[in-house]
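See below for final-v8.tsv, which holds TSV, C-alpha atoms and all ligand atoms.
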```
chain	number	residue	atom	x	y	z
A	1	MET	CA	-20.83	-49.64	84.30
A	2	ILE	CA	-20.14	-48.75	80.68
A	3	TYR	CA	-16.91	-50.33	79.49
A	4	LEU	CA	-15.25	-48.30	76.74
A	5	ASP	CA	-11.68	-49.48	77.20
A	6	TYR	CA	-11.46	-52.45	74.80
A	7	ALA	CA	-8.09	-51.26	73.50
A	8	ALA	CA	-6.62	-51.75	76.99
A	9	THR	CA	-8.10	-55.22	77.21
A	10	MET	CA	-11.23	-56.98	76.10
A	11	PRO	CA	-13.54	-59.13	78.23
A	12	MET	CA	-12.96	-62.77	77.34
A	13	ARG	CA	-15.22	-64.35	74.75
A	14	GLN	CA	-17.42	-67.10	76.20
A	15	GLN	CA	-16.24	-69.49	73.51
A	16	ALA	CA	-12.63	-69.00	74.61
A	17	ILE	CA	-13.48	-69.56	78.30
A	18	GLU	CA	-15.25	-72.82	77.42
A	19	ALA	CA	-12.48	-74.03	75.11
A	20	MET	CA	-9.86	-73.45	77.84
A	21	GLN	CA	-11.76	-75.17	80.65
A	22	PRO	CA	-10.65	-78.80	80.06
A	23	TYR	CA	-6.99	-77.80	79.93
A	24	PHE	CA	-6.79	-76.51	83.50
A	25	ALA	CA	-7.37	-79.85	85.27
A	26	ASP	CA	-8.80	-82.67	83.14
A	27	CYS	CA	-6.18	-82.42	80.42
A	28	ALA	CA	-3.46	-80.63	82.34
A	29	ALA	CA	-0.39	-82.55	81.18
A	30	ASN	CA	2.79	-80.84	80.04
A	31	ALA	CA	2.68	-80.60	76.25
A	32	GLY	CA	6.30	-81.75	76.24
A	33	ALA	CA	5.55	-85.02	78.07
A	34	ALA	CA	5.88	-88.21	76.04
A	35	HIS	CA	2.85	-89.98	77.57
A	36	GLY	CA	-0.69	-90.06	76.21
A	37	ALA	CA	-1.92	-87.08	78.24
A	38	GLY	CA	1.10	-85.05	77.13
A	39	ARG	CA	0.47	-85.98	73.52
A	40	GLU	CA	-3.14	-84.82	73.88
A	41	ALA	CA	-1.96	-81.46	75.21
A	42	ARG	CA	0.55	-81.25	72.33
A	43	ARG	CA	-2.22	-81.92	69.80
A	44	ALA	CA	-4.29	-79.08	71.35
A	45	VAL	CA	-1.32	-76.70	71.01
A	46	ASP	CA	-0.76	-77.74	67.39
A	47	ARG	CA	-4.45	-77.45	66.49
A	48	ALA	CA	-4.44	-73.94	67.95
A	49	ARG	CA	-1.28	-73.09	66.01
A	50	ALA	CA	-2.84	-74.26	62.75
A	51	SER	CA	-6.01	-72.31	63.38
A	52	VAL	CA	-4.25	-69.02	64.28
A	53	ALA	CA	-1.83	-69.46	61.36
A	54	GLN	CA	-4.78	-69.85	59.00
A	55	ALA	CA	-6.39	-66.67	60.36
A	56	LEU	CA	-3.18	-64.74	59.58
A	57	ASN	CA	-2.54	-66.57	56.28
A	58	ALA	CA	0.72	-67.98	57.66
A	59	ASP	CA	2.12	-71.49	57.74
A	60	PRO	CA	1.82	-73.12	61.20
A	61	SER	CA	5.61	-73.59	61.25
A	62	GLU	CA	5.98	-69.79	61.12
A	63	LEU	CA	4.03	-69.19	64.33
A	64	PHE	CA	5.60	-69.12	67.81
A	65	TRP	CA	3.66	-68.80	71.08
A	66	THR	CA	4.83	-66.16	73.55
A	67	SER	CA	3.56	-64.51	76.74
A	68	GLY	CA	1.92	-61.70	74.75
A	69	GLY	CA	2.53	-58.55	72.77
A	70	THR	CA	5.34	-57.20	74.94
A	71	GLU	CA	7.42	-60.35	74.65
A	72	SER	CA	6.76	-60.68	70.91
A	73	ASP	CA	7.86	-57.10	70.26
A	74	ASN	CA	10.98	-57.47	72.42
A	75	TRP	CA	11.82	-60.74	70.71
A	76	ALA	CA	11.40	-59.27	67.21
A	77	LEU	CA	13.85	-56.45	67.95
A	78	PHE	CA	16.44	-58.17	70.15
A	79	GLY	CA	16.20	-61.51	68.31
A	80	THR	CA	16.93	-60.07	64.88
A	81	ALA	CA	19.64	-57.74	66.23
A	82	LYS	CA	21.38	-60.72	67.83
A	83	ALA	CA	21.10	-62.84	64.69
A	84	GLN	CA	22.41	-60.14	62.31
A	85	PRO	CA	24.77	-57.94	64.35
A	86	GLU	CA	26.53	-56.75	61.18
A	87	ARG	CA	23.52	-54.55	60.42
A	88	ARG	CA	23.57	-51.67	62.91
A	89	HIS	CA	20.59	-49.49	61.97
A	90	ILE	CA	16.95	-49.78	63.05
A	91	ILE	CA	13.93	-47.72	61.98
A	92	VAL	CA	10.86	-47.45	64.22
A	93	SER	CA	7.91	-45.12	64.07
A	94	ALA	CA	7.58	-42.52	66.82
A	95	ILE	CA	4.05	-43.73	67.61
A	96	GLU	CA	4.98	-47.33	68.47
A	97	HIS	CA	3.93	-48.87	71.78
A	98	HIS	CA	6.63	-48.76	74.46
A	99	ALA	CA	7.05	-52.52	73.93
A	100	VAL	CA	8.84	-51.50	70.69
A	101	LEU	CA	10.21	-48.06	71.63
A	102	HIS	CA	11.98	-49.20	74.81
A	103	PRO	CA	13.73	-52.21	73.21
A	104	ALA	CA	14.80	-49.83	70.41
A	105	GLU	CA	16.27	-47.48	73.04
A	106	ALA	CA	18.00	-50.42	74.72
A	107	LEU	CA	19.51	-51.43	71.37
A	108	GLN	CA	20.70	-47.85	70.91
A	109	ASP	CA	22.46	-48.09	74.27
A	110	MET	CA	24.10	-51.26	72.95
A	111	GLY	CA	25.53	-49.39	69.95
A	112	PHE	CA	22.79	-49.68	67.32
A	113	GLU	CA	21.63	-46.56	65.53
A	114	VAL	CA	17.90	-45.89	65.71
A	115	THR	CA	15.89	-43.59	63.42
A	116	LEU	CA	12.46	-42.50	64.67
A	117	ILE	CA	9.91	-41.74	61.95
A	118	ARG	CA	7.25	-39.20	62.82
A	119	PRO	CA	3.71	-39.65	61.50
A	120	ASP	CA	1.79	-36.89	59.75
A	121	GLY	CA	-0.77	-34.83	61.66
A	122	GLU	CA	-3.38	-37.54	61.01
A	123	GLY	CA	-1.28	-40.21	62.72
A	124	ILE	CA	-0.16	-41.97	59.52
A	125	VAL	CA	3.46	-43.05	58.94
A	126	SER	CA	4.30	-42.69	55.25
A	127	ALA	CA	6.27	-45.23	53.23
A	128	GLU	CA	8.18	-42.27	51.71
A	129	ALA	CA	9.44	-41.21	55.13
A	130	VAL	CA	10.62	-44.76	55.81
A	131	LYS	CA	12.25	-44.95	52.35
A	132	ALA	CA	14.18	-41.75	53.03
A	133	ALA	CA	15.55	-43.22	56.28
A	134	LEU	CA	16.54	-46.66	54.91
A	135	ARG	CA	20.27	-47.44	54.62
A	136	SER	CA	22.32	-50.32	53.30
A	137	ASP	CA	22.95	-51.42	56.91
A	138	THR	CA	19.33	-51.15	58.08
A	139	LEU	CA	18.49	-54.33	59.97
A	140	LEU	CA	14.83	-53.84	60.73
A	141	VAL	CA	11.89	-51.53	60.16
A	142	SER	CA	9.20	-51.74	62.86
A	143	VAL	CA	5.90	-49.96	62.20
A	144	MET	CA	2.69	-50.95	63.94
A	145	THR	CA	-0.35	-52.09	61.93
A	146	ALA	CA	-2.78	-50.09	64.10
A	147	ASN	CA	-1.96	-47.49	66.72
A	148	ASN	CA	-3.22	-48.23	70.22
A	149	GLU	CA	-4.12	-44.62	71.08
A	150	VAL	CA	-5.57	-43.01	67.96
A	151	GLY	CA	-6.41	-46.25	66.13
A	152	THR	CA	-4.78	-45.24	62.84
A	153	LEU	CA	-4.00	-47.98	60.29
A	154	GLN	CA	-0.57	-47.82	58.67
A	155	PRO	CA	0.44	-48.64	55.05
A	156	ILE	CA	2.29	-51.82	56.08
A	157	ALA	CA	2.55	-53.48	52.65
A	158	GLU	CA	4.16	-50.36	51.12
A	159	ILE	CA	6.57	-49.97	54.03
A	160	ALA	CA	7.49	-53.69	53.92
A	161	ALA	CA	8.22	-53.45	50.18
A	162	ALA	CA	10.49	-50.45	50.78
A	163	ALA	CA	12.31	-52.23	53.62
A	164	HIS	CA	12.87	-55.32	51.46
A	165	GLU	CA	14.33	-53.25	48.62
A	166	CYS	CA	17.14	-52.35	51.03
A	167	GLY	CA	17.51	-55.87	52.37
A	168	ALA	CA	15.97	-54.90	55.73
A	169	LEU	CA	13.44	-56.97	57.67
A	170	MET	CA	9.93	-55.72	58.36
A	171	HIS	CA	8.27	-56.16	61.75
A	172	THR	CA	4.77	-55.01	62.56
A	173	ASP	CA	3.16	-54.84	65.98
A	174	ALA	CA	-0.35	-55.97	65.04
A	175	VAL	CA	-1.54	-56.27	68.65
A	176	GLN	CA	-4.43	-53.81	68.14
A	177	ALA	CA	-5.26	-55.05	64.64
A	178	VAL	CA	-5.48	-58.84	64.83
A	179	GLY	CA	-9.11	-59.87	65.37
A	180	HIS	CA	-10.37	-56.36	64.52
A	181	VAL	CA	-9.37	-55.78	60.89
A	182	PRO	CA	-8.18	-58.32	58.28
A	183	VAL	CA	-4.50	-59.18	58.80
A	184	ASP	CA	-2.69	-61.19	56.12
A	185	VAL	CA	1.06	-61.75	56.44
A	186	ARG	CA	1.42	-62.81	52.81
A	187	ALA	CA	-0.50	-59.84	51.41
A	188	THR	CA	1.51	-57.34	53.47
A	189	GLY	CA	4.80	-59.22	53.06
A	190	VAL	CA	5.95	-58.68	56.65
A	191	ASP	CA	8.72	-60.85	58.09
A	192	LEU	CA	7.65	-60.60	61.72
A	193	LEU	CA	4.27	-59.83	63.29
A	194	SER	CA	3.30	-59.58	66.97
A	195	PHE	CA	-0.16	-60.33	68.35
A	196	SER	CA	-1.73	-60.62	71.79
A	197	ALA	CA	-4.77	-62.72	72.77
A	198	HIS	CA	-6.31	-60.40	75.37
A	199	LYS	CA	-6.91	-57.72	72.73
A	200	PHE	CA	-9.36	-59.93	70.81
A	201	GLY	CA	-11.19	-61.69	73.64
A	202	GLY	CA	-8.65	-64.34	74.57
A	203	PRO	CA	-6.78	-64.65	77.88
A	204	LYS	CA	-4.14	-62.24	79.16
A	205	GLY	CA	-0.48	-63.27	79.13
A	206	VAL	CA	-0.47	-65.15	75.83
A	207	GLY	CA	0.21	-64.16	72.26
A	208	GLY	CA	2.61	-64.94	69.51
A	209	LEU	CA	5.17	-63.90	66.98
A	210	TYR	CA	4.86	-64.75	63.30
A	211	VAL	CA	8.35	-65.30	61.83
A	212	ARG	CA	8.47	-65.75	58.06
A	213	ARG	CA	10.29	-68.94	57.12
A	214	GLY	CA	14.00	-68.24	56.59
A	215	THR	CA	14.10	-65.10	58.77
A	216	ARG	CA	17.24	-65.00	60.90
A	217	ILE	CA	16.22	-64.60	64.54
A	218	ALA	CA	17.89	-65.68	67.80
A	219	PRO	CA	15.89	-66.73	70.88
A	220	LEU	CA	15.13	-64.27	73.65
A	221	LEU	CA	14.49	-67.03	76.19
A	222	TYR	CA	16.72	-70.07	76.62
A	223	GLY	CA	15.81	-73.24	78.49
A	224	GLY	CA	13.90	-76.38	77.57
A	225	ALA	CA	14.01	-75.62	73.83
A	226	GLN	CA	10.23	-75.57	73.33
A	227	GLU	CA	8.86	-73.94	70.16
A	228	ARG	CA	11.56	-75.55	68.02
A	229	GLY	CA	14.30	-74.18	70.24
A	230	LEU	CA	13.33	-70.56	69.63
A	231	ARG	CA	11.15	-69.85	72.66
A	232	SER	CA	11.79	-71.94	75.75
A	233	GLY	CA	9.21	-72.34	78.51
A	234	THR	CA	6.41	-74.83	79.22
A	235	GLU	CA	3.57	-74.08	76.83
A	236	ASN	CA	0.57	-72.28	78.34
A	237	VAL	CA	-1.87	-74.87	76.96
A	238	PRO	CA	-5.16	-73.35	78.20
A	239	GLY	CA	-4.00	-69.90	77.10
A	240	ILE	CA	-3.01	-71.11	73.66
A	241	VAL	CA	-6.30	-72.99	73.19
A	242	GLY	CA	-8.20	-69.88	74.33
A	243	THR	CA	-6.26	-67.70	71.90
A	244	ALA	CA	-7.29	-69.83	68.94
A	245	ALA	CA	-10.93	-70.02	70.06
A	246	ALA	CA	-11.12	-66.24	70.55
A	247	LEU	CA	-9.48	-65.44	67.23
A	248	GLY	CA	-11.69	-67.93	65.39
A	249	GLU	CA	-14.77	-66.19	66.74
A	250	ALA	CA	-13.37	-62.69	66.15
A	251	VAL	CA	-12.47	-63.41	62.53
A	252	GLY	CA	-15.82	-65.15	61.84
A	253	ALA	CA	-17.80	-62.22	63.24
A	254	MET	CA	-15.57	-59.50	61.76
A	255	PRO	CA	-17.58	-58.52	58.65
A	256	GLN	CA	-20.76	-57.76	60.64
A	257	GLU	CA	-19.12	-56.73	63.89
A	258	SER	CA	-16.72	-54.20	62.43
A	259	ALA	CA	-19.59	-52.42	60.64
A	260	ARG	CA	-21.77	-52.48	63.77
A	261	ILE	CA	-18.97	-51.23	66.03
A	262	ALA	CA	-17.88	-48.49	63.59
A	263	ALA	CA	-21.50	-47.26	63.40
A	264	LEU	CA	-21.69	-47.11	67.21
A	265	ARG	CA	-18.35	-45.31	67.34
A	266	ASP	CA	-19.64	-42.74	64.85
A	267	LEU	CA	-22.81	-42.26	66.87
A	268	LEU	CA	-20.78	-41.69	70.04
A	269	MET	CA	-18.52	-39.25	68.21
A	270	GLU	CA	-21.37	-37.25	66.64
A	271	ARG	CA	-23.25	-36.95	69.92
A	272	ILE	CA	-20.20	-35.69	71.82
A	273	LEU	CA	-19.06	-33.29	69.07
A	274	GLU	CA	-22.60	-31.85	68.78
A	275	GLU	CA	-22.50	-30.93	72.45
A	276	CYS	CA	-18.84	-29.94	72.76
A	277	ALA	CA	-17.60	-27.43	70.17
A	278	PHE	CA	-14.28	-27.42	72.06
A	279	ALA	CA	-13.64	-31.12	71.29
A	280	ARG	CA	-11.81	-32.52	68.26
A	281	VAL	CA	-11.02	-35.99	66.95
A	282	SER	CA	-7.35	-36.96	66.69
A	283	GLY	CA	-6.19	-39.29	63.93
A	284	SER	CA	-7.50	-40.10	60.48
A	285	LEU	CA	-11.16	-41.13	60.43
A	286	GLU	CA	-10.77	-42.98	57.12
A	287	ARG	CA	-7.82	-45.14	58.09
A	288	ARG	CA	-8.83	-46.19	61.57
A	289	LEU	CA	-9.80	-49.20	63.65
A	290	PRO	CA	-13.60	-49.57	63.77
A	291	GLY	CA	-13.75	-49.42	67.59
A	292	ASN	CA	-11.45	-46.46	68.26
A	293	LEU	CA	-12.45	-42.88	69.05
A	294	HIS	CA	-9.82	-40.45	70.31
A	295	LEU	CA	-11.02	-37.04	71.44
A	296	THR	CA	-9.14	-34.02	72.71
A	297	PHE	CA	-11.04	-31.46	74.82
A	298	GLU	CA	-9.63	-27.94	74.93
A	299	GLY	CA	-9.62	-26.22	78.32
A	300	VAL	CA	-10.44	-29.39	80.27
A	301	ASP	CA	-8.25	-30.97	82.94
A	302	GLN	CA	-7.16	-34.48	82.01
A	303	ASP	CA	-7.27	-36.12	85.44
A	304	ALA	CA	-10.51	-34.40	86.46
A	305	LEU	CA	-12.26	-35.67	83.32
A	306	LEU	CA	-11.19	-39.29	83.79
A	307	LEU	CA	-12.12	-39.16	87.47
A	308	ARG	CA	-15.60	-37.78	86.65
A	309	LEU	CA	-16.15	-40.50	84.09
A	310	ASP	CA	-14.94	-43.18	86.46
A	311	LEU	CA	-17.32	-41.95	89.17
A	312	ALA	CA	-20.17	-41.90	86.66
A	313	GLY	CA	-19.37	-45.50	85.66
A	314	VAL	CA	-17.76	-44.84	82.26
A	315	MET	CA	-14.52	-46.80	81.92
A	316	ALA	CA	-12.25	-44.99	79.46
A	317	SER	CA	-8.63	-44.07	79.18
A	318	ALA	CA	-6.41	-41.07	78.53
A	319	GLY	CA	-4.24	-42.91	76.05
A	320	SER	CA	-2.53	-46.22	76.36
A	321	ALA	CA	-3.27	-48.14	79.55
A	322	CYS	CA	0.41	-48.55	80.33
A	323	THR	CA	1.08	-44.83	80.50
A	324	SER	CA	-2.03	-43.78	82.42
A	325	GLY	CA	-1.02	-42.42	85.77
A	326	ILE	CA	1.93	-40.63	84.20
A	327	ARG	CA	0.99	-36.99	83.75
A	328	GLU	CA	3.10	-36.33	80.68
A	329	ARG	CA	1.21	-35.95	77.38
A	330	SER	CA	1.24	-39.12	75.30
A	331	HIS	CA	4.18	-39.59	72.94
A	332	VAL	CA	1.71	-40.39	70.16
A	333	ILE	CA	-0.15	-37.09	70.41
A	334	ARG	CA	3.16	-35.22	70.69
A	335	ALA	CA	4.57	-36.98	67.61
A	336	MET	CA	1.44	-35.93	65.69
A	337	GLY	CA	2.17	-32.31	66.68
A	338	LYS	CA	-1.17	-31.98	68.50
A	339	ASP	CA	-0.01	-31.22	72.02
A	340	GLY	CA	-1.58	-27.94	73.04
A	341	GLU	CA	-1.69	-26.66	76.61
A	342	GLY	CA	-4.53	-27.46	79.01
A	343	GLU	CA	-6.17	-30.19	77.00
A	344	ALA	CA	-7.65	-33.53	77.96
A	345	ASP	CA	-7.24	-36.64	75.81
A	346	LEU	CA	-9.87	-39.33	75.91
A	347	ARG	CA	-9.60	-42.69	74.22
A	348	LEU	CA	-12.91	-44.48	73.91
A	349	SER	CA	-12.65	-48.00	72.57
A	350	LEU	CA	-15.68	-50.11	71.74
A	351	GLY	CA	-16.08	-53.83	71.24
A	352	SER	CA	-18.26	-56.90	70.96
A	353	ARG	CA	-20.45	-56.18	73.99
A	354	THR	CA	-20.91	-52.44	73.38
A	355	THR	CA	-24.55	-51.46	72.75
A	356	GLU	CA	-26.30	-48.41	71.27
A	357	GLU	CA	-27.91	-47.63	74.63
A	358	GLU	CA	-24.49	-47.58	76.26
A	359	CYS	CA	-23.11	-45.23	73.61
A	360	LEU	CA	-26.01	-42.80	73.97
A	361	GLU	CA	-25.71	-42.81	77.75
A	362	ALA	CA	-21.91	-42.49	77.68
A	363	ALA	CA	-22.09	-39.62	75.17
A	364	GLY	CA	-24.36	-37.68	77.54
A	365	ILE	CA	-22.14	-38.34	80.57
A	366	ILE	CA	-18.94	-37.41	78.71
A	367	ALA	CA	-20.37	-34.23	77.18
A	368	ASP	CA	-21.83	-33.06	80.51
A	369	ALA	CA	-18.57	-33.75	82.36
A	370	ALA	CA	-16.44	-31.99	79.75
A	371	LYS	CA	-18.73	-28.91	79.61
A	372	ASP	CA	-18.85	-28.68	83.36
A	373	LEU	CA	-15.07	-28.98	83.77
A	374	ARG	CA	-14.43	-26.44	81.03
A	375	LYS	CA	-16.40	-23.84	82.97
A	376	LYS	CA	-14.04	-24.36	85.89
A	377	VAL	CA	-10.84	-23.56	83.98
B	401	LIG	N1	1.58	-53.37	71.43
B	401	LIG	C1	0.45	-52.66	71.40
B	401	LIG	C2	0.13	-51.84	70.20
B	401	LIG	C3	-0.43	-52.70	72.49
B	401	LIG	O1	-1.55	-51.99	72.45
B	401	LIG	C4	-0.08	-53.49	73.62
B	401	LIG	C5	-0.95	-53.49	74.82
B	401	LIG	O2	-1.46	-52.49	75.25
B	401	LIG	C6	1.11	-54.21	73.58
B	401	LIG	C7	1.93	-54.14	72.47
B	401	LIG	C8	1.52	-55.09	74.72
B	401	LIG	O3	0.80	-56.30	74.67
B	401	LIG	P1	0.63	-57.21	75.97
B	401	LIG	O4	-0.33	-56.53	76.87
B	401	LIG	O5	0.09	-58.52	75.44
B	401	LIG	O6	1.98	-57.39	76.55
```

As structure tokens, please, write out the structure in this file.
Amino acid sequence: MIYLDYAATMPMRQQAIEAMQPYFADCAANAGAAHGAGREARRAVDRARASVAQALNADPSELFWTSGGTESDNWALFGTAKAQPERRHIIVSAIEHHAVLHPAEALQDMGFEVTLIRPDGEGIVSAEAVKAALRSDTLLVSVMTANNEVGTLQPIAEIAAAAHECGALMHTDAVQAVGHVPVDVRATGVDLLSFSAHKFGGPKGVGGLYVRRGTRIAPLLYGGAQERGLRSGTENVPGIVGTAAALGEAVGAMPQESARIAALRDLLMERILEECAFARVSGSLERRLPGNLHLTFEGVDQDALLLRLDLAGVMASAGSACTSGIRERSHVIRAMGKDGEGEADLRLSLGSRTTEEECLEAAGIIADAAKDLRKKV
């Protein structure tokens, strides 16, 4: 099996599995308990918070644990809207994950006005386009750091500066970026940032939201008042410990790993394009995650291609994992104006365990499948 679906989820890093182990049974106390075992669990949660905060250049008090990227994105949108209802306008990019787009639609149903910003043909959202849409009552601008389908990296610092000039908050969904490219909340100046552990080799179902000190945000979840009253729910201690261990390893290995993975991605791309003149790359190659390759094959059936690859042992995806199974062309590709008829999209995403041998073998399998299917159209 050749796994080329790291953007959907990444196999857990060994270091994270080992770090989590003691917290399932040996040190399984509730981090809110006042006894010694509870205090030990609390210390583990706080150590993890400090370590993840350092990786993002945040203060530990600005970091809140959540159940992952979806919750963090929902919280950023609904939480700020609830805290500042006098501001009625929200700007989101058209290529956001549904974890941002659907809350934005829900806010629209509740009476907020939403402006969708389209990217250019290369999948980049420009600060100028955001500037043109900003209003005196804009509450929030939400633009992702890296796109989950085409891997494009957005000019977050410029967009945040523009948002702040109008008194708006800046949120970025950095779920695909954290652990893969440097992410620094001070350098970009964002007010809110979402991340998810399973995208960088931590466990599924855990992540966090960075909230710059002083940002007005209401809770999404009410209950036992954990996370300083802003996110209730018993802390997922093993998950939180695993998140910090995975991110520590990802950030430490990043300088070498990102170069190695980008070189493998380029090899995969060159081999497939050499064989398939009817294939093209979608999204900027310069401003892109190291492990992302998005190809569109003209005259090839989408489902047939994925099925062939699956049968041949190549695990890839048509776009985002959450929308696979739905036949409609991805909203990202449509927003980029690249949605021709009878085309197949293929997202190949590489990661820490991907090898050169795998890329060479996968390139052959993909090119053969695409050429064969094209004949049948
Ligand atoms: N945002 C982006 C950009 C993603 O790629 C994903 C996952 O695919 C999410 C949010 C949702 O994160 P989670 O799976 O942790 O809920």

Original post:
Which one of A:Val175, A:Ile240, A:Val300, A:Leu360 sits closest to ligand LIG 401 (chain B) if you count all atoms listed in the file?
Top reply: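 Using all atoms listed in the file, ligand LIG 401 (chain B) sits closest to A:Val175.
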
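Distance-wise, CA of Asp5 (chain A) and CA of Ala316 (chain A) end up 5.1 Å apart.
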
**OP:** Select the residues contacting ligand LIG 401 (chain B) at a distance of at most 9 Å, based on only C-alpha atoms and all ligand atoms, then format the selection as a ChimeraX atom specification.
**Re:** /A:7-9,67-73,96-100,144-149,173-177,194-199,204-207,320-322

Output the selection as a CSV table (one decimal), keeping the file's coordinate frame - C-alpha atoms for each residue.
```
chain,number,residue,atom,x,y,z
A,7,ALA,CA,-8.1,-51.3,73.5
A,8,ALA,CA,-6.6,-51.8,77.0
A,9,THR,CA,-8.1,-55.2,77.2
A,67,SER,CA,3.6,-64.5,76.7
A,68,GLY,CA,1.9,-61.7,74.8
A,69,GLY,CA,2.5,-58.6,72.8
A,70,THR,CA,5.3,-57.2,74.9
A,71,GLU,CA,7.4,-60.4,74.6
A,72,SER,CA,6.8,-60.7,70.9
A,73,ASP,CA,7.9,-57.1,70.3
A,96,GLU,CA,5.0,-47.3,68.5
A,97,HIS,CA,3.9,-48.9,71.8
A,98,HIS,CA,6.6,-48.8,74.5
A,99,ALA,CA,7.0,-52.5,73.9
A,100,VAL,CA,8.8,-51.5,70.7
A,144,MET,CA,2.7,-51.0,63.9
A,145,THR,CA,-0.4,-52.1,61.9
A,146,ALA,CA,-2.8,-50.1,64.1
A,147,ASN,CA,-2.0,-47.5,66.7
A,148,ASN,CA,-3.2,-48.2,70.2
A,149,GLU,CA,-4.1,-44.6,71.1
A,173,ASP,CA,3.2,-54.8,66.0
A,174,ALA,CA,-0.4,-56.0,65.0
A,175,VAL,CA,-1.5,-56.3,68.6
A,176,GLN,CA,-4.4,-53.8,68.1
A,177,ALA,CA,-5.3,-55.0,64.6
A,194,SER,CA,3.3,-59.6,67.0
A,195,PHE,CA,-0.2,-60.3,68.4
A,196,SER,CA,-1.7,-60.6,71.8
A,197,ALA,CA,-4.8,-62.7,72.8
A,198,HIS,CA,-6.3,-60.4,75.4
A,199,LYS,CA,-6.9,-57.7,72.7
A,204,LYS,CA,-4.1,-62.2,79.2
A,205,GLY,CA,-0.5,-63.3,79.1
A,206,VAL,CA,-0.5,-65.2,75.8
A,207,GLY,CA,0.2,-64.2,72.3
A,320,SER,CA,-2.5,-46.2,76.4
A,321,ALA,CA,-3.3,-48.1,79.6
A,322,CYS,CA,0.4,-48.6,80.3
```

Subject >> Counting all atoms listed in the file, the residue of A:Arg186, A:Glu356, A:Phe78, A:Cys276 that sits nearest Ala106 (chain A) >> reply: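 Between A:Arg186, A:Glu356, A:Phe78, A:Cys276, the residue approaching Ala106 (chain A) most closely is A:Phe78.
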
**OP:** Name the residues in contact with region 31-36 of chain A at a cut-off of 12 Å, using all atoms listed in the file, excluding same-chain residues fewer than 3 positions from it; report them as a count of residues only.
**Re:** 24

Around region 266-285 of chain A, fit a box with edges along x, y and z, padding it by 6 Å on each side, then list its centre and edge lengths in Å to one decimal as JSON.
```
{"center_x": -14.7, "center_y": -35.1, "center_z": 66.6, "size_x": 29.1, "size_y": 27.3, "size_z": 24.3}
```

At most 8 Å is the cut-off: for each residue in region 179-244 of chain A with any atom that close to an atom of region 159-164 of chain A, write down the nearest atom pair and the distance in Å rounded to one decimal, counting all atoms listed in the file, chain first then increasing number, as CSV.
```
residue,atom,partner,partner_atom,distance
A:Thr188,CA,A:Ala160,CA,7.0
A:Gly189,CA,A:Ala160,CA,6.2
A:Val190,CA,A:Ala160,CA,5.9
```

Original post:
If we count all atoms listed in the file, what is near region 138-140 of chain A at a cut-off of 8 Å, once residues fewer than 6 positions away on the same chain are taken out, given as a ChimeraX atom specification?
Top reply: /A:77,80-81,84,87-91,163,166-171

Subject >> Two-atom distance - CA of Leu289 (chain A), CA of Glu105 (chain A) (Å) >> reply: 27.8 Å

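The shortest atom-to-atom distance to Trp75 (chain A), with all atoms listed in the file taken into account, belongs to A:Pro103 out of A:Pro103, A:Leu153, A:Gly229, A:Ala344.
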
Original post:
Quick one: distance from CA of Ser93 (chain A) to CA of Gly151 (chain A) in Å, one decimal?
Top reply: 14.5 Å

Original post:
Using all atoms listed in the file, which of the listed residues (A:Gly111, A:Gly208, A:Gly38, A:Pro11) sits closest to Ala76 (chain A)?
Top reply: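 Ranked by minimum distance to Ala76 (chain A), first place goes to A:Gly208.
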
**OP:** With a distance cut-off of 6 Å and all atoms listed in the file, select the neighbouring residues of Ala245 (chain A), excluding the residue or stretch itself and same-chain residues fewer than 3 positions from it, and output the selection as a list of chain:residue names.
**Re:** A:Ala16, A:Gly242, A:Gly248

Original post:
Which polymer residues have any atom within 9 Å of an atom of Glu275 (chain A), counting all atoms listed in the file, with same-chain residues fewer than 2 positions away left out, as JSON, numbers by chain?
Top reply: {"A": [270, 271, 272, 273, 277, 278, 279, 364, 367, 368, 371]}

Subject >> Best match for closeness to Glu341 (chain A) among A:Leu134, A:Arg374, A:Glu298, A:Asp26, counting all atoms listed in the file >> reply: A:Glu298

Original post:
Which is closest to Asp310 (chain A) among A:Ile365, A:Val178, A:Ala187, A:Gly202, if we use only C-alpha atoms?
Top reply: A:Ile365
